[in-house]
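J.: Below is a structure I'd like to ask you about.
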Amino acid sequence: MQQQKTSHWLIAFRVIFTAALLACILFIFRNSMQTGEVSSARSQAVTMLVNGFLGKFGLGPLSEHIIRKLAHFSEFMLEGFLRMLCLRVYTRHFVRHISWPLLAGMSTALMDETIQISIPNRTSSVTDVWIDMAGAIAGLFAALIILLILRATTAFYQVKRENKALRAEQEALRQREHERLARRAAHRAAQGEDNNEEEDEA
């Protein structure tokens with residue numbers, strides 16, 4: 001049996017999503033390897049930026065602690081989202097194999113917090129592990145919902161196109177049948193006229 005050729009678009013998406021996932025994981029580990037002073041300075045800068053933005057709408061301010069936890073959740077949510085997209089471009093049975101990115105996301109969360117144990121002025125927290133896992137799961141299911149909606153939409157329009165093609169084929173068959181019956185009727189009419197002429201001559 002001849003193996004089906006992989007689409008160039010599929011190969012391109014595999015490269016793009018895999019590279020994006022690796023970049024996301026490296027970004028997460030890079031943040032974990034920063035010293036406590038560097039990490040705190042970045043958190044303070046982000047906190048000021050976020051509170052400045054929220055202040056324009058009369059919201060906030062948020063504490064640096066909340067910003068740090070939201071950052072944990074957001075980066076792992078992005079990782080989970082990309083893991084789900086990667087799973088989709090490598091297999092069409094992504095729902096069946098959803099446990100793979102779930103376990104991989106949890107492993108990343110555990111490694112992330114483990115790295116921080118050996119970094120000066122950084123601590124590892126069980127709470128952060130759960131926040132990271134929750135972010136990964138949220139990203140996975142966000143991507144899953146989008147993929148299922150796209151699959152349902154694609155299937156709907158495919159059925160719609162097939163039904164349209166079927167109706168067009170049925171209409172063409174009816175038209176050919178009408179033409180065949182019209183030709184038969186014309187042929188019989190012509191035979192009837194010939195018979196009448198022969199009777200008149202007789």
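Here's how to read the names in the structure tokens: chain A, B, ... by the order shown, residue numbers from 1 in each chain, ligand numbers from 1 in the order shown.
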Sorted by chain and rising residue number, which residues of region 75-179 of chain A lie within 9 Å of region 16-39 of chain A, and what are their closest atom pairs and distances in Å to one decimal, counting only C-alpha atoms, as a tab-separated table?
T.:
```
residue	atom	partner	partner_atom	distance
A:Glu75	CA	A:Ile28	CA	7.0
A:Phe76	CA	A:Ile28	CA	8.0
A:Leu78	CA	A:Cys24	CA	7.6
A:Glu79	CA	A:Cys24	CA	6.2
A:Gly80	CA	A:Leu21	CA	8.9
A:Phe81	CA	A:Leu21	CA	9.0
A:Leu82	CA	A:Leu21	CA	5.6
A:Arg83	CA	A:Leu21	CA	6.6
A:Leu85	CA	A:Phe17	CA	6.8
A:Cys86	CA	A:Phe17	CA	5.7
A:Val89	CA	A:Phe17	CA	8.4
A:Thr108	CA	A:Ile25	CA	7.8
A:Met111	CA	A:Phe29	CA	8.4
A:Asp112	CA	A:Phe29	CA	6.1
A:Glu113	CA	A:Ser32	CA	7.5
A:Ile115	CA	A:Ser32	CA	6.5
A:Gln116	CA	A:Ser32	CA	5.7
A:Ser118	CA	A:Met33	CA	8.6
A:Ile119	CA	A:Thr35	CA	6.0
A:Pro120	CA	A:Thr35	CA	5.5
A:Asn121	CA	A:Gly36	CA	4.6
A:Arg122	CA	A:Gly36	CA	5.2
A:Thr123	CA	A:Gly36	CA	8.7
```
J.: Find the residues around Phe94 (chain A) up to 12 Å (only C-alpha atoms counted), leave out those fewer than 4 positions away in its own chain, and share them as a list in words.
T.: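 My reading of the contact set: Arg83, Met84, Leu85, Cys86, Leu87, Arg88, Val89, Tyr90, Ile98, Ser99, Trp100, Pro101, Leu102, Leu140, Phe141, Ala143, Leu144, Ile145, Leu147, Leu148 and Arg151 of chain A.
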J.: Taking C-alpha atoms for each residue, export the selection above as a PDB file, in the first residue's frame.
T.:
```pdb
ATOM      1  CA  ARG A  83       1.614  21.395  23.588  1.00  0.00           C
ATOM      2  CA  MET A  84      -1.947  20.763  22.447  1.00  0.00           C
ATOM      3  CA  LEU A  85      -1.274  22.361  19.066  1.00  0.00           C
ATOM      4  CA  CYS A  86       1.864  20.240  18.693  1.00  0.00           C
ATOM      5  CA  LEU A  87      -0.119  17.111  19.494  1.00  0.00           C
ATOM      6  CA  ARG A  88      -2.680  18.028  16.837  1.00  0.00           C
ATOM      7  CA  VAL A  89      -0.156  18.495  14.026  1.00  0.00           C
ATOM      8  CA  TYR A  90       1.505  15.159  14.822  1.00  0.00           C
ATOM      9  CA  ILE A  98      -4.446  14.192  25.519  1.00  0.00           C
ATOM     10  CA  SER A  99      -2.723  12.514  28.489  1.00  0.00           C
ATOM     11  CA  TRP A 100       0.656  13.013  26.767  1.00  0.00           C
ATOM     12  CA  PRO A 101       0.716  16.834  26.923  1.00  0.00           C
ATOM     13  CA  LEU A 102      -0.916  16.732  30.366  1.00  0.00           C
ATOM     14  CA  LEU A 140      -4.510  22.476  27.024  1.00  0.00           C
ATOM     15  CA  PHE A 141      -8.267  22.680  27.318  1.00  0.00           C
ATOM     16  CA  ALA A 143      -6.601  24.746  22.673  1.00  0.00           C
ATOM     17  CA  LEU A 144      -8.730  21.582  22.769  1.00  0.00           C
ATOM     18  CA  ILE A 145     -11.965  23.592  22.644  1.00  0.00           C
ATOM     19  CA  LEU A 147      -9.554  22.520  17.831  1.00  0.00           C
ATOM     20  CA  LEU A 148     -12.900  20.798  18.398  1.00  0.00           C
ATOM     21  CA  ARG A 151     -13.107  20.265  13.482  1.00  0.00           C
TER      22      ARG A 151
END
```
J.: Would you mind writing down, as a PyMOL selection string, each residue of chain A that DSSP on the backbone assigns to alpha helix (DSSP H)?
T.: chain A and resi 8-32+36-55+64-90+99-117+126-201
